[in-house]
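Before any comments, here is the structure.
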Amino acid sequence: MTSKAGSHSRRRVLRALCASAAMAGAGVLRPYAAAASLTSGSAPPRRIVSMSWELTETLLALGVAPVGMSLPDWYTRTVVEPPLPGGIADIGLLYQPNFEVLQRLAPDVMIVTPGHASIRSALEHIAPTLTLGAYMSDSQPYQSLRRETVKLAKLLACVPRGTALLDATTHHVAAERSRLDAQPALRASPVIVADAVDDRYLRVYGAGSLFDDLLREMKVANAVHPSTPLGKAAWTMNVAGSALVPVQRLVDVPQASVLLVGPVQPDVRAGLLRNPLWQALPAVRSARVAELPVIAPYGGLVSMQRFAQAVTTALAQIAGGSSRRA
């Protein structure tokens, strides 16, 4: 969703803005009015630059590959599917793009997120921008993601493909819900969905996250909600629907199974194996911990299809005693 910029990121962005302003003053950049050529009567853009891995996923799911994007390798590592085709130019960091590369690519449109607001005016000296990704901080992100997918499909003049993607996601999630309906024991306990940040903290997903919305669609109880029958957990979620929780706090929800979003890094796994607090948790002692594949927590509809299937598979592994002990 975002790059982990260091303490100098603001300084670097300001330098990039100054550089772009200098280029514009020298006549190097082509000035555009905001959203020019993105009107409903214009031809659909074909040369697209994406400044978000998650929005790149939606582009690819709609059958359109960008000509350039931020850090393509990170997409391959953190989003995975749909697979990224070759030949896509690397435009640099998420919030510190290389303006010279952008100029050479001559995009028809650049797809940005609300996090790019501070450099948007500089970007629009190169090409029109379209801001998407607000679903990542929406209180109902799944429905917001579906609406943004339709918006992007309209821009690209591929509405039938967008409709097919929405329908496929609806049917896929419903099929996974039906698999769980056929085995009620798989829903006997609530779950915690989390990233293992290190051997002491988990990033737990709750209200306001896509994962929580998908659990609700599948009728799987999320143990982080205070309304959970087991619930002493009352962890405050941030705007993106997650909370950093010490591993010992999982004793507040002793019946919850733990689903760790992959990959669990080798050093983190080794640390958990050494951590007596983790090893003492009821979920760990009773082998109710399962590892999901790599799934982007703020990804597009393909990621949500994969999440639904991964949850069902993990719950079946736990019920069958074949889950992996972390």
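Residue names in the structure tokens use chain letters A, B, ... in the order shown, residue numbers from 1 in each chain, and ligand numbers from 1 in the order shown.
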Find the residues near Val49 in chain A: any atom within 6 Å, counting only C-alpha atoms, skip ones fewer than 2 places away on the same chain, and give them as an mmCIF file with C-alpha atoms, in the first residue's frame.
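The file below, around.cif, is the result:
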data_model
loop_
_atom_site.group_PDB
_atom_site.id
_atom_site.type_symbol
_atom_site.label_atom_id
_atom_site.label_comp_id
_atom_site.auth_asym_id
_atom_site.auth_seq_id
_atom_site.Cartn_x
_atom_site.Cartn_y
_atom_site.Cartn_z
ATOM 1 C CA PRO A 66 0.967 -0.187 -17.364
ATOM 2 C CA VAL A 67 3.937 1.138 -19.311
ATOM 3 C CA GLY A 68 5.559 2.123 -16.027
ATOM 4 C CA MET A 69 5.079 1.598 -12.311
ATOM 5 C CA MET A 110 -0.914 8.470 -14.200
#
What's around range 271-280 of chain A at 7 Å? Count only C-alpha atoms, leave out sequence neighbours fewer than 5 positions away in its own chain, and write the answer as a ChimeraX atom specification. /A:199,247-248,285,326
Selection to disk with C-alpha atoms, as a CSV table (one decimal), in the first residue's frame:
chain,number,residue,atom,x,y,z
A,199,ASP,CA,8.6,-12.2,17.4
A,247,VAL,CA,1.5,-11.4,21.0
A,248,GLN,CA,0.6,-11.9,24.7
A,285,ARG,CA,-0.4,-25.1,22.0
A,326,ALA,CA,4.8,-21.5,13.9
When you look at range 81-90 of chain A with a cut-off of 10 Å (counting only C-alpha atoms), what residues show up, excluding the ones that are within fewer than 6 positions of it in the same chain? I need them as a short mmCIF file (atom, residue, chain, number, x, y, z; two decimals) with C-alpha atoms, in the first residue's frame.
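Final file, part-v7.cif:
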data_model
loop_
_atom_site.label_atom_id
_atom_site.label_comp_id
_atom_site.auth_asym_id
_atom_site.auth_seq_id
_atom_site.Cartn_x
_atom_site.Cartn_y
_atom_site.Cartn_z
CA VAL A 49 1.66 4.75 -15.30
CA THR A 56 -1.59 -2.14 -10.65
CA GLU A 57 -3.29 -5.39 -9.62
CA THR A 58 -6.67 -3.98 -10.66
CA LEU A 59 -5.24 -2.71 -13.95
CA LEU A 60 -3.89 -6.17 -14.78
CA ALA A 61 -7.15 -7.83 -13.72
CA LEU A 62 -8.89 -5.58 -16.25
CA GLY A 63 -6.48 -6.74 -18.96
CA ALA A 65 -0.62 -3.51 -18.34
CA PRO A 66 0.97 -0.19 -17.36
CA VAL A 67 3.94 1.14 -19.31
CA GLY A 68 5.56 2.12 -16.03
CA MET A 69 5.08 1.60 -12.31
CA SER A 70 6.78 2.07 -8.97
CA LEU A 71 9.19 -0.73 -8.04
CA PRO A 72 7.87 -3.64 -10.14
CA ASP A 73 9.81 -6.17 -8.05
CA TYR A 75 4.58 -6.02 -6.83
CA PRO A 97 9.19 8.95 -8.75
CA ASN A 98 11.87 9.72 -11.29
CA VAL A 101 11.66 8.58 -16.60
CA LEU A 102 8.04 9.70 -16.40
CA LEU A 105 7.34 7.39 -20.96
CA VAL A 294 1.26 -13.94 0.26
CA ILE A 295 -1.88 -11.80 -0.08
CA ALA A 296 -1.90 -8.00 -0.27
CA GLY A 299 -5.09 -5.46 -2.82
CA GLY A 300 -7.76 -5.65 -5.48
CA VAL A 302 -8.11 -10.88 -7.30
CA SER A 303 -6.40 -10.65 -3.91
CA ARG A 306 -7.36 -15.53 -3.09
#
Residues of range 39-131 of chain A classed as alpha helix (DSSP H) by DSSP on the backbone are to be reported as a PyMOL selection string. chain A and resi 53-61+72-78+99-105+120-123
Store the residues picked out above, limited to C-alpha atoms, as a short mmCIF file (atom, residue, chain, number, x, y, z; two decimals), in the first residue's frame.
data_model
loop_
_atom_site.label_atom_id
_atom_site.label_comp_id
_atom_site.auth_asym_id
_atom_site.auth_seq_id
_atom_site.Cartn_x
_atom_site.Cartn_y
_atom_site.Cartn_z
CA TRP A 53 1.04 -1.89 -6.45
CA GLU A 54 -2.56 -2.55 -5.43
CA LEU A 55 -3.96 -0.41 -8.24
CA THR A 56 -1.59 -2.14 -10.65
CA GLU A 57 -3.29 -5.39 -9.62
CA THR A 58 -6.67 -3.98 -10.66
CA LEU A 59 -5.24 -2.71 -13.95
CA LEU A 60 -3.89 -6.17 -14.78
CA ALA A 61 -7.15 -7.83 -13.72
CA PRO A 72 7.87 -3.64 -10.14
CA ASP A 73 9.81 -6.17 -8.05
CA TRP A 74 7.79 -5.20 -4.99
CA TYR A 75 4.58 -6.02 -6.83
CA THR A 76 5.90 -9.50 -7.58
CA ARG A 77 6.82 -10.01 -3.92
CA THR A 78 3.77 -8.47 -2.21
CA PHE A 99 10.41 12.65 -13.23
CA GLU A 100 12.82 12.18 -16.12
CA VAL A 101 11.66 8.58 -16.60
CA LEU A 102 8.04 9.70 -16.40
CA GLN A 103 8.66 12.33 -19.06
CA ARG A 104 10.26 9.78 -21.39
CA LEU A 105 7.34 7.39 -20.96
CA ARG A 120 0.16 15.72 -7.74
CA SER A 121 0.53 19.22 -9.19
CA ALA A 122 4.09 18.40 -10.25
CA LEU A 123 2.95 15.15 -11.83
#
Can you pull out the residues contacting range 169-180 of chain A? Cut-off 9 Å, using only C-alpha atoms, and skip same-chain residues under 3 positions away; I want them as a ChimeraX atom specification. /A:164-166,183-187,214,217-220,301-302,304-305,308-309,311-312,315-316
Residue contacts of Ser137 in chain A (10 Å, only C-alpha atoms) excluding same-chain residues fewer than 3 positions away, as a list in words: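 Final neighbour list, sorted by chain and number: Pro114, Gly133, Ala134, Gln140, Pro141, Ser144, Gly208, Ser209, Leu210, Asn238, Val239, Ala240, Gly241 and Tyr298 of chain A.
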Residues as selected, C-alpha atoms, written as an mmCIF file, in the first residue's frame, can you do that?
data_model
loop_
_atom_site.group_PDB
_atom_site.id
_atom_site.type_symbol
_atom_site.label_atom_id
_atom_site.label_comp_id
_atom_site.auth_asym_id
_atom_site.auth_seq_id
_atom_site.Cartn_x
_atom_site.Cartn_y
_atom_site.Cartn_z
ATOM 1 C CA PRO A 114 -4.491 10.078 -1.985
ATOM 2 C CA GLY A 133 -7.204 3.911 -3.675
ATOM 3 C CA ALA A 134 -9.423 5.772 -1.218
ATOM 4 C CA GLN A 140 -16.413 -0.293 4.182
ATOM 5 C CA PRO A 141 -13.412 -0.971 1.962
ATOM 6 C CA SER A 144 -15.566 0.901 -2.013
ATOM 7 C CA GLY A 208 -12.095 -1.091 8.307
ATOM 8 C CA SER A 209 -9.894 -3.702 6.633
ATOM 9 C CA LEU A 210 -10.615 -5.679 3.498
ATOM 10 C CA ASN A 238 -6.154 2.604 12.708
ATOM 11 C CA VAL A 239 -7.688 4.223 9.638
ATOM 12 C CA ALA A 240 -6.559 1.267 7.504
ATOM 13 C CA GLY A 241 -8.274 -1.269 9.765
ATOM 14 C CA TYR A 298 -5.157 -3.722 0.542
#
Please run DSSP on the backbone and report, as a list in words, all residues within range 9-182 of chain A that come out as strand (DSSP E).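 Residues meeting the strand (DSSP E) criterion: Ile48, Val49, Ser50, Gly68, Met69, Ala89, Asp90, Val109, Met110, Ile111, Val112, Thr129, Leu130 and Thr131 of chain A.
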Straight-line distance linking CA of Pro246 in chain A with CA of Arg200 in chain A, stated in Å to one decimal: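 Straight-line distance from CA of Pro246 in chain A to CA of Arg200 in chain A works out to 5.8 Å.
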Taking 4 positions as the minimum chain separation for residues in the same chain, which residues sit within 10 Å of Thr113 in chain A when counting only C-alpha atoms? Answer as a list in words.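 So, after excluding close chain neighbours, the residues are Met1, Thr2, Ser50, Met51, Ser52, Leu55, Leu94, Tyr95, Ala117, Arg120, Thr129, Leu130, Thr131, Leu132, Gly133, Ala134 and Met136 of chain A.
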Mind dumping the selected residues with N, CA and C atoms as a tab-separated table (two decimals), in the first residue's frame?
chain	number	residue	atom	x	y	z
A	1	MET	N	0.81	-1.19	0.00
A	1	MET	CA	0.00	0.00	0.00
A	1	MET	C	0.85	1.25	0.00
A	2	THR	N	1.85	1.27	0.96
A	2	THR	CA	2.74	2.40	1.04
A	2	THR	C	4.15	1.92	1.17
A	50	SER	N	1.31	3.56	-13.22
A	50	SER	CA	0.67	3.28	-11.93
A	50	SER	C	1.65	3.53	-10.79
A	51	MET	N	1.19	4.26	-9.78
A	51	MET	CA	2.02	4.54	-8.61
A	51	MET	C	1.49	3.82	-7.37
A	52	SER	N	0.90	2.66	-7.60
A	52	SER	CA	0.41	1.84	-6.49
A	52	SER	C	0.43	0.40	-6.93
A	55	LEU	N	-3.22	-0.87	-7.07
A	55	LEU	CA	-3.96	-0.41	-8.24
A	55	LEU	C	-3.42	-1.05	-9.51
A	94	LEU	N	7.58	4.87	-4.55
A	94	LEU	CA	6.16	5.20	-4.61
A	94	LEU	C	5.89	6.69	-4.56
A	95	TYR	N	6.54	7.39	-3.64
A	95	TYR	CA	6.27	8.80	-3.46
A	95	TYR	C	7.44	9.67	-3.90
A	117	ALA	N	-0.92	13.37	-2.89
A	117	ALA	CA	-1.49	14.71	-3.01
A	117	ALA	C	-0.41	15.79	-3.05
A	120	ARG	N	1.07	15.88	-6.60
A	120	ARG	CA	0.16	15.72	-7.74
A	120	ARG	C	0.30	16.86	-8.74
A	129	THR	N	-3.65	13.10	-14.04
A	129	THR	CA	-3.63	12.08	-13.00
A	129	THR	C	-5.05	11.67	-12.64
A	130	LEU	N	-5.17	10.45	-12.18
A	130	LEU	CA	-6.43	9.95	-11.66
A	130	LEU	C	-6.14	9.37	-10.28
A	131	THR	N	-6.83	9.89	-9.26
A	131	THR	CA	-6.62	9.41	-7.89
A	131	THR	C	-7.61	8.30	-7.56
A	132	LEU	N	-7.07	7.14	-7.24
A	132	LEU	CA	-7.86	6.01	-6.77
A	132	LEU	C	-7.19	5.49	-5.48
A	133	GLY	N	-7.80	4.49	-4.87
A	133	GLY	CA	-7.20	3.91	-3.67
A	133	GLY	C	-7.78	4.42	-2.38
A	134	ALA	N	-8.80	5.29	-2.45
A	134	ALA	CA	-9.42	5.77	-1.22
A	134	ALA	C	-10.09	4.63	-0.46
A	136	MET	N	-8.82	2.09	0.57
A	136	MET	CA	-7.91	1.54	1.58
A	136	MET	C	-8.13	2.15	2.96
Rows by chain and residue number, range 142-223 of chain A within 6 Å of range 255-260 of chain A, shortest pair, only C-alpha atoms, as a tab-separated table:
residue	atom	partner	partner_atom	distance
A:Ser189	CA	A:Ala256	CA	5.8
A:Pro190	CA	A:Ala256	CA	5.0
A:Val191	CA	A:Ser257	CA	4.7
A:Ile192	CA	A:Val258	CA	4.8
A:Val193	CA	A:Leu259	CA	4.8
A:Ala194	CA	A:Leu260	CA	5.1
A:Asp195	CA	A:Leu260	CA	5.5
Near range 151-159 of chain A, counting only C-alpha atoms, which residues have an atom at most 7 Å away, once you skip same-chain residues fewer than 2 positions from it, shown as a list in words?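 Here the qualifying residues turn out to be Pro44, Pro45, Leu62, Arg147, Glu148, Thr149, Arg161, Gly162 and Thr163 of chain A.
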Any chance you can output those residues with N, CA and C atoms as a compact mmCIF listing (two decimals), in the first residue's frame?
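Done, and the output landed in selection-v5.txt:
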# COMPACT_ATOMS: atom_id res chain seq x y z
N PRO A 44 -10.01 6.28 -24.63
CA PRO A 44 -9.46 5.69 -23.40
C PRO A 44 -7.94 5.74 -23.41
N PRO A 45 -7.33 5.99 -22.28
CA PRO A 45 -5.87 6.03 -22.22
C PRO A 45 -5.27 4.65 -22.46
N LEU A 62 -8.03 -6.12 -15.19
CA LEU A 62 -8.89 -5.58 -16.25
C LEU A 62 -8.26 -5.77 -17.63
N ARG A 147 -16.55 -0.33 -6.20
CA ARG A 147 -16.93 0.89 -6.93
C ARG A 147 -15.73 1.47 -7.69
N GLU A 148 -14.55 1.45 -7.07
CA GLU A 148 -13.37 1.97 -7.75
C GLU A 148 -12.98 1.11 -8.95
N THR A 149 -13.22 -0.19 -8.85
CA THR A 149 -12.94 -1.08 -9.97
C THR A 149 -13.82 -0.72 -11.16
N ARG A 161 -15.43 -6.21 -19.03
CA ARG A 161 -14.41 -6.94 -18.28
C ARG A 161 -14.48 -6.60 -16.79
N GLY A 162 -14.77 -5.34 -16.47
CA GLY A 162 -14.92 -4.96 -15.08
C GLY A 162 -16.11 -5.65 -14.44
N THR A 163 -17.21 -5.72 -15.16
CA THR A 163 -18.40 -6.41 -14.65
C THR A 163 -18.11 -7.88 -14.42
